[in-house]
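Colleague: Below is the file data31.cif, with mmCIF, C-alpha atoms.
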data_start
loop_
_atom_site.label_atom_id
_atom_site.label_comp_id
_atom_site.auth_asym_id
_atom_site.auth_seq_id
_atom_site.Cartn_x
_atom_site.Cartn_y
_atom_site.Cartn_z
CA MET A 1 59.71 52.69 0.15
CA LYS A 2 56.26 53.90 -0.68
CA PHE A 3 53.28 51.83 0.19
CA PHE A 4 50.07 51.95 -1.90
CA PRO A 5 47.34 50.84 0.43
CA LYS A 6 44.36 51.20 -1.89
CA PRO A 7 45.38 48.83 -4.73
CA ALA A 8 46.72 46.34 -2.20
CA TRP A 9 43.42 46.28 -0.34
CA PHE A 10 41.54 45.82 -3.57
CA VAL A 11 43.62 42.77 -4.36
CA VAL A 12 43.04 41.33 -0.92
CA VAL A 13 39.29 42.00 -1.06
CA LEU A 14 39.02 40.56 -4.58
CA CYS A 15 40.80 37.41 -3.45
CA LEU A 16 38.46 37.02 -0.50
CA VAL A 17 35.15 37.54 -2.35
CA PRO A 18 34.99 34.16 -4.14
CA SER A 19 36.05 32.21 -1.10
CA LEU A 20 33.48 33.97 1.06
CA ALA A 21 30.83 33.12 -1.51
CA GLN A 22 31.99 29.51 -1.58
CA ALA A 23 31.93 29.37 2.20
CA ASP A 24 28.42 30.81 2.20
CA GLU A 25 27.25 28.22 -0.35
CA ALA A 26 28.86 25.42 1.62
CA SER A 27 27.30 26.53 4.87
CA LEU A 28 23.89 26.93 3.20
CA ALA A 29 24.07 23.40 1.82
CA ALA A 30 25.28 22.01 5.14
CA TRP A 31 22.56 23.87 7.05
CA THR A 32 19.88 22.62 4.64
CA GLN A 33 21.11 19.03 4.86
CA LYS A 34 21.28 19.10 8.65
CA THR A 35 17.88 20.73 9.05
CA VAL A 36 16.15 18.34 6.63
CA ARG A 37 17.84 15.38 8.27
CA ASP A 38 16.82 16.45 11.78
CA ALA A 39 13.33 17.75 11.01
CA LEU A 40 12.19 15.24 8.42
CA ILE A 41 14.35 12.18 7.83
CA LYS A 42 14.87 11.24 11.49
CA PRO A 43 11.16 11.61 12.47
CA LEU A 44 10.20 9.70 9.31
CA ALA A 45 12.52 6.84 10.20
CA GLN A 46 11.18 6.77 13.75
CA ARG A 47 7.59 6.67 12.52
CA GLU A 48 8.12 4.00 9.89
CA SER A 49 7.91 0.36 10.69
CA ARG A 50 7.08 -2.69 8.60
CA SER A 51 3.36 -3.21 9.10
CA PHE A 52 0.87 -5.69 7.63
CA SER A 53 -0.17 -3.19 4.99
CA ARG A 54 0.34 -2.49 1.29
CA GLU A 55 2.55 0.53 1.98
CA ARG A 56 6.10 0.73 0.68
CA PRO A 57 8.56 -0.84 3.15
CA PRO A 58 10.88 1.60 4.95
CA PRO A 59 14.07 2.23 2.95
CA ARG A 60 17.45 1.16 4.28
CA GLU A 61 18.91 4.64 3.81
CA ARG A 62 17.98 8.17 2.78
CA ARG A 63 20.11 11.08 1.63
CA VAL A 64 19.48 14.79 1.11
CA ARG A 65 20.59 16.62 -1.99
CA VAL A 66 20.53 20.41 -2.08
CA LEU A 67 19.34 21.50 -5.52
CA ALA A 68 20.56 25.10 -5.58
CA THR A 69 23.90 26.64 -4.72
CA THR A 70 22.27 29.86 -3.54
CA ALA A 71 18.97 30.57 -1.89
CA LEU A 72 16.06 31.34 -4.21
CA THR A 73 13.42 33.97 -3.57
CA ASP A 74 9.68 33.33 -3.79
CA LYS A 75 6.97 35.84 -4.79
CA SER A 76 6.70 37.23 -1.26
CA GLY A 77 10.45 37.86 -1.16
CA LYS A 78 11.31 35.05 1.25
CA GLU A 79 14.42 32.99 0.64
CA PHE A 80 14.27 29.23 0.33
CA VAL A 81 16.53 26.35 -0.61
CA PRO A 82 15.12 23.53 -2.76
CA PHE A 83 16.16 19.98 -1.88
CA ALA A 84 15.44 16.39 -2.87
CA ILE A 85 15.58 13.20 -0.83
CA ASP A 86 16.75 9.95 -2.41
CA ASP A 87 16.42 6.54 -0.85
CA ARG A 88 17.68 3.03 -1.40
CA PHE A 89 16.64 -0.42 -0.36
CA GLY A 90 18.75 -3.58 -0.54
CA GLY A 91 20.99 -2.71 -3.49
CA ASP A 92 23.32 0.16 -4.30
CA THR A 93 20.88 1.93 -6.60
CA TRP A 94 19.48 5.18 -5.27
CA ASN A 95 15.88 6.11 -6.10
CA GLN A 96 16.16 9.79 -6.90
CA ASN A 97 13.73 12.57 -5.92
CA VAL A 98 11.51 10.33 -3.80
CA ILE A 99 10.69 13.45 -1.79
CA GLU A 100 11.06 16.96 -3.16
CA GLY A 101 10.72 20.08 -1.10
CA CYS A 102 12.18 23.33 0.12
CA LEU A 103 13.50 24.81 3.32
CA TYR A 104 12.93 28.47 4.20
CA ARG A 105 15.86 30.44 5.44
CA GLY A 106 15.36 32.17 8.74
CA THR A 107 12.11 30.51 9.75
CA GLY A 108 13.29 26.96 8.94
CA TYR A 109 9.85 26.07 7.55
CA LEU A 110 9.93 22.85 5.56
CA PHE A 111 7.58 22.08 2.69
CA VAL A 112 7.30 18.92 0.61
CA LYS A 113 5.82 18.39 -2.83
CA ILE A 114 2.61 16.34 -2.77
CA GLY A 115 1.17 15.89 -6.23
CA GLU A 116 1.46 19.32 -7.84
CA ASP A 117 1.31 21.32 -4.58
CA TYR A 118 3.55 21.94 -1.61
CA ARG A 119 2.42 21.07 1.91
CA PRO A 120 4.14 21.47 5.30
CA SER A 121 6.50 18.55 5.93
CA ALA A 122 4.28 17.45 8.84
CA PHE A 123 2.11 15.88 6.13
CA LEU A 124 4.68 13.13 5.63
CA LEU A 125 4.57 12.50 9.36
CA GLY A 126 0.84 11.82 9.22
CA LYS A 127 -0.72 15.25 9.85
CA ASN A 128 -3.58 16.03 7.49
CA VAL A 129 -2.43 19.52 6.47
CA GLY A 130 -3.41 21.26 3.26
CA ALA A 131 -1.37 22.76 0.45
CA VAL A 132 0.21 26.20 0.86
CA LYS A 133 0.02 28.42 -2.21
CA GLY A 134 3.07 30.17 -3.59
CA VAL A 135 5.73 28.45 -1.51
CA CYS A 136 8.85 26.84 -2.97
CA VAL A 137 8.29 28.55 -6.32
CA ALA A 138 10.99 30.98 -7.36
CA ALA A 139 9.74 34.39 -8.39
CA PRO A 140 10.47 35.27 -12.02
CA PRO A 141 13.31 37.76 -12.53
CA PRO A 142 12.14 41.38 -12.68
CA ALA A 143 11.24 42.51 -16.20
CA LYS A 144 13.66 44.92 -17.86
CA SER A 145 12.23 48.39 -18.37
CA MET B 1 -7.12 -41.62 11.12
CA ILE B 2 -7.42 -40.03 7.67
CA ARG B 3 -10.91 -38.81 8.51
CA SER B 4 -9.68 -37.07 11.62
CA VAL B 5 -6.73 -35.44 9.83
CA ALA B 6 -8.57 -34.53 6.62
CA PRO B 7 -10.18 -31.29 7.91
CA LEU B 8 -6.86 -30.07 9.36
CA PRO B 9 -5.67 -28.04 6.31
CA ARG B 10 -9.10 -26.46 6.08
CA TRP B 11 -9.11 -25.43 9.75
CA LEU B 12 -5.51 -24.27 9.52
CA PHE B 13 -6.39 -22.13 6.50
CA LEU B 14 -9.44 -20.67 8.26
CA ALA B 15 -7.46 -19.93 11.45
CA LEU B 16 -4.60 -18.27 9.54
CA MET B 17 -6.98 -16.20 7.44
CA LEU B 18 -8.99 -15.09 10.47
CA ALA B 19 -5.76 -14.05 12.20
CA GLY B 20 -4.63 -12.22 9.05
CA SER B 21 -8.02 -10.55 8.72
CA ALA B 22 -7.85 -9.37 12.35
CA LEU B 23 -4.35 -7.98 11.74
CA ILE B 24 -5.47 -6.13 8.61
CA THR B 25 -8.46 -4.73 10.50
CA TRP B 26 -6.14 -3.49 13.25
CA THR B 27 -3.77 -1.79 10.79
CA SER B 28 -6.68 -0.33 8.79
CA LEU B 29 -8.23 1.66 11.64
CA GLY B 30 -6.11 4.66 10.62
CA TYR B 31 -8.06 4.98 7.36
CA PHE B 32 -11.04 6.31 9.33
CA ASP B 33 -9.08 8.93 11.30
CA SER B 34 -9.60 12.37 9.77
CA GLU B 35 -6.63 13.91 11.64
CA GLU B 36 -3.90 11.35 11.06
CA LEU B 37 -2.97 10.01 7.65
CA PRO B 38 -1.74 6.41 7.37
CA PRO B 39 1.52 5.86 5.41
CA PHE B 40 -0.28 4.12 2.52
CA VAL B 41 -2.48 7.20 1.94
CA ILE B 42 0.51 9.56 2.20
CA GLU B 43 2.35 7.42 -0.33
CA LYS B 44 -0.57 7.54 -2.74
CA LEU B 45 -1.13 11.28 -2.33
CA GLN B 46 2.54 11.91 -3.13
CA GLN B 47 1.71 10.68 -6.61
CA SER B 48 -0.67 12.71 -8.71
CA LEU B 49 -4.07 11.13 -8.04
CA ARG B 50 -6.60 12.06 -10.71
CA PHE B 51 -9.62 11.91 -8.41
CA GLU B 52 -8.37 12.28 -4.85
CA ALA B 53 -11.79 12.50 -3.14
CA LEU B 54 -13.15 9.53 -5.11
CA TRP B 55 -10.03 7.49 -4.32
CA MET B 56 -10.28 8.26 -0.58
CA ALA B 57 -13.99 7.38 -0.52
CA ALA B 58 -13.34 4.15 -2.45
CA LEU B 59 -10.53 3.23 -0.05
CA ARG B 60 -12.75 3.72 3.01
CA VAL B 61 -15.66 1.78 1.47
CA HIS B 62 -13.30 -1.02 0.37
CA VAL B 63 -11.63 -1.32 3.77
CA ALA B 64 -14.95 -1.22 5.67
CA ALA B 65 -16.52 -3.81 3.35
CA ALA B 66 -13.46 -6.08 3.50
CA VAL B 67 -13.21 -5.87 7.28
CA VAL B 68 -16.79 -7.19 7.53
CA THR B 69 -17.09 -9.56 4.56
CA PHE B 70 -13.80 -11.44 4.73
CA PRO B 71 -14.24 -12.93 8.23
CA VAL B 72 -17.94 -13.57 7.59
CA CYS B 73 -17.12 -15.40 4.35
CA LEU B 74 -14.61 -17.50 6.28
CA LEU B 75 -17.29 -18.34 8.85
CA LEU B 76 -19.70 -19.26 6.05
CA MET B 77 -17.16 -21.88 4.96
CA THR B 78 -17.35 -23.64 8.34
CA ARG B 79 -19.46 -26.72 8.99
CA PRO B 80 -21.38 -25.30 11.98
CA LEU B 81 -22.81 -22.49 9.85
CA GLN B 82 -23.34 -24.75 6.82
CA ARG B 83 -25.39 -27.09 8.99
CA ARG B 84 -27.81 -24.23 9.67
CA PRO B 85 -29.22 -23.55 6.19
CA VAL B 86 -31.43 -20.62 7.18
CA TRP B 87 -28.58 -18.80 8.90
CA HIS B 88 -26.18 -19.70 6.11
CA ARG B 89 -28.61 -18.43 3.46
CA TRP B 90 -29.37 -15.09 5.11
CA ILE B 91 -25.83 -14.30 6.18
CA GLY B 92 -24.73 -15.34 2.69
CA ARG B 93 -27.26 -13.01 1.05
CA LEU B 94 -26.21 -10.02 3.16
CA THR B 95 -22.50 -10.70 2.67
CA GLY B 96 -22.93 -11.33 -1.05
CA THR B 97 -24.77 -8.01 -1.45
CA LEU B 98 -22.01 -6.19 0.42
CA VAL B 99 -19.31 -7.86 -1.68
CA LEU B 100 -21.05 -7.24 -4.98
CA PHE B 101 -22.15 -3.65 -4.36
CA ALA B 102 -19.41 -2.30 -2.07
CA LEU B 103 -16.24 -4.41 -2.05
CA VAL B 104 -15.95 -5.11 -5.78
CA PRO B 105 -16.88 -1.65 -7.17
CA SER B 106 -14.60 0.17 -4.69
CA GLY B 107 -11.84 -2.32 -5.48
CA VAL B 108 -12.22 -1.58 -9.19
CA VAL B 109 -11.89 2.17 -8.53
CA LEU B 110 -8.75 1.57 -6.45
CA ALA B 111 -7.34 -0.81 -9.08
CA PHE B 112 -7.17 1.95 -11.69
CA GLU B 113 -4.96 4.03 -9.39
CA ALA B 114 -2.93 1.11 -8.04
CA LYS B 115 0.75 1.74 -7.50
CA GLY B 116 2.92 -0.40 -9.73
CA GLY B 117 1.22 0.58 -12.98
CA ARG B 118 -0.85 -1.44 -15.41
CA ALA B 119 0.47 -4.85 -14.35
CA VAL B 120 -0.80 -4.28 -10.82
CA SER B 121 -4.07 -2.73 -12.03
CA ALA B 122 -4.66 -5.81 -14.20
CA GLY B 123 -3.98 -8.11 -11.23
CA PHE B 124 -6.47 -6.31 -8.98
CA LEU B 125 -9.06 -6.18 -11.78
CA LEU B 126 -8.70 -9.92 -12.42
CA SER B 127 -9.18 -10.59 -8.73
CA ALA B 128 -12.28 -8.35 -8.69
CA LEU B 129 -13.62 -10.13 -11.77
CA ILE B 130 -13.22 -13.56 -10.13
CA VAL B 131 -14.92 -12.34 -6.93
CA GLY B 132 -17.78 -10.75 -8.90
CA TRP B 133 -18.22 -13.87 -11.02
CA GLY B 134 -18.02 -16.07 -7.92
CA ILE B 135 -20.78 -14.21 -6.10
CA VAL B 136 -23.14 -14.06 -9.11
CA HIS B 137 -22.49 -17.69 -10.04
CA GLY B 138 -22.73 -18.72 -6.39
CA VAL B 139 -26.16 -17.11 -6.03
CA ILE B 140 -27.46 -18.62 -9.28
CA THR B 141 -26.26 -22.12 -8.39
CA ALA B 142 -27.57 -21.87 -4.82
CA ARG B 143 -31.00 -20.98 -6.18
CA ARG B 144 -30.76 -24.05 -8.46
CA ARG B 145 -29.77 -26.15 -5.42
CA ASP B 146 -26.58 -27.06 -7.27
CA LEU B 147 -24.51 -27.04 -4.11
CA VAL B 148 -21.35 -28.47 -5.67
CA SER B 149 -21.13 -25.57 -8.15
CA HIS B 150 -22.14 -23.16 -5.38
CA GLN B 151 -19.24 -24.37 -3.27
CA ARG B 152 -16.81 -24.06 -6.18
CA ALA B 153 -17.88 -20.46 -6.82
CA MET B 154 -17.65 -19.54 -3.14
CA ARG B 155 -14.23 -21.15 -2.83
CA HIS B 156 -13.04 -18.80 -5.57
CA VAL B 157 -14.50 -15.81 -3.72
CA VAL B 158 -12.81 -16.72 -0.44
CA ALA B 159 -9.59 -17.62 -2.27
CA GLN B 160 -9.41 -14.15 -3.85
CA MET B 161 -10.25 -12.52 -0.53
CA SER B 162 -7.40 -14.48 1.03
CA VAL B 163 -5.04 -12.64 -1.37
CA ALA B 164 -5.24 -9.72 1.08
CA VAL B 165 -3.39 -11.87 3.63
CA THR B 166 -1.14 -13.96 1.39
CA SER B 167 -0.06 -10.95 -0.67
CA ARG B 168 1.00 -8.97 2.41
CA THR B 169 2.80 -12.00 3.80
CA LEU B 170 4.67 -12.45 0.52
CA MET B 171 5.60 -8.75 0.52
CA PHE B 172 7.09 -9.28 3.98
CA VAL B 173 9.11 -12.26 2.78
CA LEU B 174 10.36 -10.52 -0.38
CA ASP B 175 11.28 -7.39 1.60
CA SER B 176 13.28 -9.46 4.08
CA ARG B 177 15.16 -10.96 1.08
CA GLY B 178 16.05 -7.47 -0.14
CA VAL B 179 13.90 -7.62 -3.27
CA ASP B 180 13.20 -4.23 -4.83
CA PRO B 181 9.80 -3.05 -3.47
CA ALA B 182 8.47 -2.21 -6.94
CA VAL B 183 9.17 -5.75 -8.18
CA ALA B 184 8.01 -7.29 -4.91
CA TYR B 185 4.68 -5.48 -5.15
CA VAL B 186 3.89 -6.96 -8.57
CA VAL B 187 5.07 -10.46 -7.66
CA ALA B 188 3.26 -10.37 -4.31
CA LEU B 189 0.03 -9.59 -6.11
CA TRP B 190 0.08 -11.88 -9.15
CA VAL B 191 1.42 -15.01 -7.42
CA PRO B 192 -1.37 -15.06 -4.77
CA VAL B 193 -4.11 -14.09 -7.28
CA LEU B 194 -3.23 -16.90 -9.71
CA GLY B 195 -2.18 -19.30 -6.95
CA SER B 196 -5.44 -18.85 -5.04
CA ALA B 197 -7.51 -19.40 -8.18
CA LEU B 198 -5.52 -22.54 -8.92
CA VAL B 199 -5.87 -23.91 -5.39
CA ALA B 200 -9.62 -23.16 -5.34
CA GLU B 201 -10.02 -24.97 -8.64
CA LEU B 202 -7.88 -27.93 -7.53
CA VAL B 203 -9.78 -28.32 -4.26
CA SER B 204 -13.05 -28.20 -6.18
CA SER B 205 -11.96 -30.59 -8.86
CA ARG B 206 -13.32 -34.10 -8.93
CA PHE B 207 -9.79 -35.42 -9.28
CA ILE B 208 -8.79 -34.37 -5.79
CA TRP B 209 -12.09 -35.36 -4.26
CA ASN B 210 -12.22 -38.76 -5.96
CA ARG B 211 -8.67 -39.47 -4.91
CA ALA B 212 -9.38 -38.57 -1.30
CA ARG B 213 -12.55 -40.65 -1.34
CA SER B 214 -10.77 -43.64 -2.78
CA LEU B 215 -8.22 -43.39 0.02
CA VAL B 216 -11.02 -43.36 2.56
CA VAL B 217 -12.73 -46.31 0.87
CA ASP B 218 -9.43 -48.22 0.76
CA ARG B 219 -9.15 -47.98 4.51
CA SER B 220 -12.80 -48.91 5.00
CA VAL B 221 -13.48 -45.73 6.91
CA ARG B 222 -16.63 -44.43 5.39
CA ALA B 223 -18.33 -41.22 6.33
CA PRO B 224 -22.04 -40.70 5.79
CA ARG B 225 -22.08 -40.43 2.02
CA SER B 226 -24.78 -37.79 1.55
CA ARG B 227 -23.08 -35.31 3.93
CA ARG B 228 -19.69 -35.67 2.32
CA GLU B 229 -21.04 -35.41 -1.17
CA VAL B 230 -22.83 -32.20 -0.41
CA PHE B 231 -19.88 -30.69 1.46
CA PRO B 232 -16.67 -32.33 0.20
#
For this file, write the structure as structure tokens.

Modeller:
Amino acid sequence: MKFFPKPAWFVVVLCLVPSLAQADEASLAAWTQKTVRDALIKPLAQRESRSFSRERPPPRERRVRVLATTALTDKSGKEFVPFAIDDRFGGDTWNQNVIEGCLYRGTGYLFVKIGEDYRPSAFLLGKNVGAVKGVCVAAPPPAKS
Amino acid sequence: MIRSVAPLPRWLFLALMLAGSALITWTSLGYFDSEELPPFVIEKLQQSLRFEALWMAALRVHVAAAVVTFPVCLLLMTRPLQRRPVWHRWIGRLTGTLVLFALVPSGVVLAFEAKGGRAVSAGFLLSALIVGWGIVHGVITARRRDLVSHQRAMRHVVAQMSVAVTSRTLMFVLDSRGVDPAVAYVVALWVPVLGSALVAELVSSRFIWNRARSLVVDRSVRAPRSRREVFP
């Protein structure tokens, strides 16, 4: 019996490629959710309390939604994952995109959208930090020559 | 008996408002910290503010003016200060100037960017209008020595200032009942604004005063008439 290793390997590799990609997407989403939860949602919840002020009361619950299946690349070539945070109060209705932002792969830098700009997530925790230009904006695809 | 109990609601109101004013002052200190941002400012900046620098300046002026004028206005409503006309007049002039030229204009600027949309903006603008009218009318009537009208105008000013406390309290109550914050914000503004105006008008009305006086007369407990007529 003659064995044809090359075609067999191709079949095996071809079968593995989609599942590896799916695994990568799943791990990227899980990593983004975990990082945003630990670095932003938990400190926010710890900081918030009902005070005698006109601010919005703290929500009952928050959730993270990852907005891209693969990492995007900004103008400086760094990869980031956009996300949105929803919250809800007494009822079952979720308020969508209450916080929008992005998480940078590798460095783990978190930015949140404030007005039209993006600022480090520390802003939501009370630090008066300014906007950072060019972050969280996907670079346009290279023009065809 | 009635005479001794009659001032109780007034003193209770003054005590509650002074406590509320102190609490608001305590929670407002963060507005003057350049390093740390209070949650209310963060929340506002998350929206697209048209004039961010103007809004921040207006907020600081409004908070600073309110922190000073609200407790002083409450003190001006007390008998000990009303029995000292010179003190009452000068403190009243200074406070009135601060209200008219700092508190009201900064409040109007903030009203246009109020969260909750036009309904909330309209509520804050109505409150500002009543306060502005109250101060101007109060000054005019004081100069005419028409103290009854002066008191009515000043009651409206203090009543609208008290919205700062009653509105926050109502927000607390509505939040604890699980009411949607967006709805709660509108309700917790309009109910105190209209309610305060109504209470100020009712307290000032002859109906209430005549009724109270008739009760006092019925029980043959008469206070010195001139004093009570000037300061019902």

Colleague: Nearest residue to Thr69 (chain A) out of A:Val129, A:Leu28, A:Val98, A:Ala84, using only C-alpha atoms?

Modeller: A:Leu28

Colleague: Please evaluate the PyMOL selection byres ((chain B and resi 101) around 12) against the displayed coordinates and give the resulting residues as a PyMOL selection string.

Modeller: chain B and resi 58+61-62+65-66+69+93-100+102-108+128+131-132+135-136

Colleague: Keeping C-alpha atoms, export the residues of the selection given above as a PDB file, in the coordinates of the input.

Modeller:
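Below is the file out-v5.pdb, written as the result:
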ATOM      1  CA  ALA B  58     -13.340   4.150  -2.450  1.00  0.00           C
ATOM      2  CA  VAL B  61     -15.660   1.780   1.470  1.00  0.00           C
ATOM      3  CA  HIS B  62     -13.300  -1.020   0.370  1.00  0.00           C
ATOM      4  CA  ALA B  65     -16.520  -3.810   3.350  1.00  0.00           C
ATOM      5  CA  ALA B  66     -13.460  -6.080   3.500  1.00  0.00           C
ATOM      6  CA  THR B  69     -17.090  -9.560   4.560  1.00  0.00           C
ATOM      7  CA  ARG B  93     -27.260 -13.010   1.050  1.00  0.00           C
ATOM      8  CA  LEU B  94     -26.210 -10.020   3.160  1.00  0.00           C
ATOM      9  CA  THR B  95     -22.500 -10.700   2.670  1.00  0.00           C
ATOM     10  CA  GLY B  96     -22.930 -11.330  -1.050  1.00  0.00           C
ATOM     11  CA  THR B  97     -24.770  -8.010  -1.450  1.00  0.00           C
ATOM     12  CA  LEU B  98     -22.010  -6.190   0.420  1.00  0.00           C
ATOM     13  CA  VAL B  99     -19.310  -7.860  -1.680  1.00  0.00           C
ATOM     14  CA  LEU B 100     -21.050  -7.240  -4.980  1.00  0.00           C
ATOM     15  CA  ALA B 102     -19.410  -2.300  -2.070  1.00  0.00           C
ATOM     16  CA  LEU B 103     -16.240  -4.410  -2.050  1.00  0.00           C
ATOM     17  CA  VAL B 104     -15.950  -5.110  -5.780  1.00  0.00           C
ATOM     18  CA  PRO B 105     -16.880  -1.650  -7.170  1.00  0.00           C
ATOM     19  CA  SER B 106     -14.600   0.170  -4.690  1.00  0.00           C
ATOM     20  CA  GLY B 107     -11.840  -2.320  -5.480  1.00  0.00           C
ATOM     21  CA  VAL B 108     -12.220  -1.580  -9.190  1.00  0.00           C
ATOM     22  CA  ALA B 128     -12.280  -8.350  -8.690  1.00  0.00           C
ATOM     23  CA  VAL B 131     -14.920 -12.340  -6.930  1.00  0.00           C
ATOM     24  CA  GLY B 132     -17.780 -10.750  -8.900  1.00  0.00           C
ATOM     25  CA  ILE B 135     -20.780 -14.210  -6.100  1.00  0.00           C
ATOM     26  CA  VAL B 136     -23.140 -14.060  -9.110  1.00  0.00           C
TER      27      VAL B 136
END

Colleague: Could you please select, counting all atoms listed in the file, the residues of chain B within 6 Å of chain A and state them as a compact mmCIF listing (two decimals) with C-alpha atoms, keeping the file's coordinate frame?

Modeller:
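The resulting out-v9.txt:
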# COMPACT_ATOMS: atom_id res chain seq x y z
CA GLU B 35 -6.63 13.91 11.64
CA GLU B 36 -3.90 11.35 11.06
CA LEU B 37 -2.97 10.01 7.65
CA PHE B 40 -0.28 4.12 2.52
CA GLN B 46 2.54 11.91 -3.13
CA GLN B 47 1.71 10.68 -6.61
CA SER B 48 -0.67 12.71 -8.71
CA GLY B 178 16.05 -7.47 -0.14

Colleague: Give the answer as one residue: which of B:Leu29, B:Ile42, B:Ala153, B:Leu18 has the shortest atom-to-atom distance to Ser121 (chain A), using only C-alpha atoms?

Modeller: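 Comparing B:Leu29, B:Ile42, B:Ala153, B:Leu18 against Ser121 (chain A), the winner is B:Ile42.
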
Colleague: Would you compute the box with edges along x, y and z of the file around region 30-46 of chain A, including every atom the file lists for it and 8 Å extra on each side, and give its centre and edge lengths in Å to one decimal, as lines of an AutoDock Vina configuration file?

Modeller:
center_x = 17.7
center_y = 15.3
center_z = 9.2
size_x = 31.1
size_y = 33.1
size_z = 25.1

Colleague: Tell me, in Å to one decimal, how far CA of Val199 (chain B) is from CA of Gly138 (chain B).

Modeller: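 Separating CA of Val199 (chain B) from CA of Gly138 (chain B) is a distance of 17.7 Å.
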
Colleague: Quick one: everything within 9 Å of Val132 (chain A), counting all atoms listed in the file, minus sequence neighbours fewer than 6 positions away in the same chain. Send it as a ChimeraX atom specification.

Modeller: /A:111,117-120

Colleague: Quick one: everything within 9 Å of Ile41 (chain A), counting all atoms listed in the file, minus sequence neighbours fewer than 5 positions away in the same chain. Send it as an NGL selection string.

Modeller: :A and (36 or 46 or 62-64 or 85)

Colleague: Once the PyMOL selection byres ((chain B and resi 50) around 12) has been applied to the shown file, what residues remain in the selection, as JSON, numbers by chain?

Modeller: {"A": [115, 116], "B": [44, 45, 46, 47, 48, 49, 51, 52, 53, 54, 55, 56, 109, 110, 112, 113, 114]}

Colleague: Output region 94-110 of chain A as a PDB file, in the coordinates of the input, making sure N, CA and C atoms are there.

Modeller:
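Saved result, result.pdb, follows:
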ATOM      1  N   TRP A  94      20.262   4.169  -5.984  1.00  0.00           N
ATOM      2  CA  TRP A  94      19.480   5.180  -5.270  1.00  0.00           C
ATOM      3  C   TRP A  94      18.254   5.541  -6.087  1.00  0.00           C
ATOM      4  N   ASN A  95      17.097   5.603  -5.447  1.00  0.00           N
ATOM      5  CA  ASN A  95      15.880   6.110  -6.100  1.00  0.00           C
ATOM      6  C   ASN A  95      15.883   7.618  -5.909  1.00  0.00           C
ATOM      7  N   GLN A  96      15.994   8.338  -7.017  1.00  0.00           N
ATOM      8  CA  GLN A  96      16.160   9.790  -6.900  1.00  0.00           C
ATOM      9  C   GLN A  96      14.815  10.511  -6.768  1.00  0.00           C
ATOM     10  N   ASN A  97      14.874  11.652  -6.076  1.00  0.00           N
ATOM     11  CA  ASN A  97      13.730  12.570  -5.920  1.00  0.00           C
ATOM     12  C   ASN A  97      12.480  11.868  -5.369  1.00  0.00           C
ATOM     13  N   VAL A  98      12.657  11.001  -4.414  1.00  0.00           N
ATOM     14  CA  VAL A  98      11.510  10.330  -3.800  1.00  0.00           C
ATOM     15  C   VAL A  98      10.668  11.369  -3.054  1.00  0.00           C
ATOM     16  N   ILE A  99      11.366  12.299  -2.422  1.00  0.00           N
ATOM     17  CA  ILE A  99      10.690  13.450  -1.790  1.00  0.00           C
ATOM     18  C   ILE A  99      11.352  14.709  -2.326  1.00  0.00           C
ATOM     19  N   GLU A 100      10.527  15.661  -2.746  1.00  0.00           N
ATOM     20  CA  GLU A 100      11.060  16.960  -3.160  1.00  0.00           C
ATOM     21  C   GLU A 100      10.469  18.021  -2.242  1.00  0.00           C
ATOM     22  N   GLY A 101      11.239  19.042  -1.981  1.00  0.00           N
ATOM     23  CA  GLY A 101      10.720  20.080  -1.100  1.00  0.00           C
ATOM     24  C   GLY A 101      11.613  21.284  -1.033  1.00  0.00           C
ATOM     25  N   CYS A 102      11.334  22.149  -0.062  1.00  0.00           N
ATOM     26  CA  CYS A 102      12.180  23.330   0.120  1.00  0.00           C
ATOM     27  C   CYS A 102      12.217  23.710   1.591  1.00  0.00           C
ATOM     28  N   LEU A 103      13.292  24.372   1.935  1.00  0.00           N
ATOM     29  CA  LEU A 103      13.500  24.810   3.320  1.00  0.00           C
ATOM     30  C   LEU A 103      13.655  26.328   3.316  1.00  0.00           C
ATOM     31  N   TYR A 104      12.870  27.007   4.158  1.00  0.00           N
ATOM     32  CA  TYR A 104      12.930  28.470   4.200  1.00  0.00           C
ATOM     33  C   TYR A 104      14.008  28.949   5.147  1.00  0.00           C
ATOM     34  N   ARG A 105      14.788  29.845   4.638  1.00  0.00           N
ATOM     35  CA  ARG A 105      15.860  30.440   5.440  1.00  0.00           C
ATOM     36  C   ARG A 105      15.248  31.311   6.527  1.00  0.00           C
ATOM     37  N   GLY A 106      15.868  31.333   7.650  1.00  0.00           N
ATOM     38  CA  GLY A 106      15.360  32.170   8.740  1.00  0.00           C
ATOM     39  C   GLY A 106      14.333  31.442   9.562  1.00  0.00           C
ATOM     40  N   THR A 107      13.181  31.176   8.985  1.00  0.00           N
ATOM     41  CA  THR A 107      12.110  30.510   9.750  1.00  0.00           C
ATOM     42  C   THR A 107      12.375  29.004   9.898  1.00  0.00           C
ATOM     43  N   GLY A 108      13.043  28.412   8.907  1.00  0.00           N
ATOM     44  CA  GLY A 108      13.290  26.960   8.940  1.00  0.00           C
ATOM     45  C   GLY A 108      12.068  26.151   8.561  1.00  0.00           C
ATOM     46  N   TYR A 109      11.044  26.806   7.973  1.00  0.00           N
ATOM     47  CA  TYR A 109       9.850  26.070   7.550  1.00  0.00           C
ATOM     48  C   TYR A 109      10.199  25.107   6.420  1.00  0.00           C
ATOM     49  N   LEU A 110       9.661  23.906   6.551  1.00  0.00           N
ATOM     50  CA  LEU A 110       9.930  22.850   5.560  1.00  0.00           C
ATOM     51  C   LEU A 110       8.637  22.518   4.813  1.00  0.00           C
TER      52      LEU A 110
END
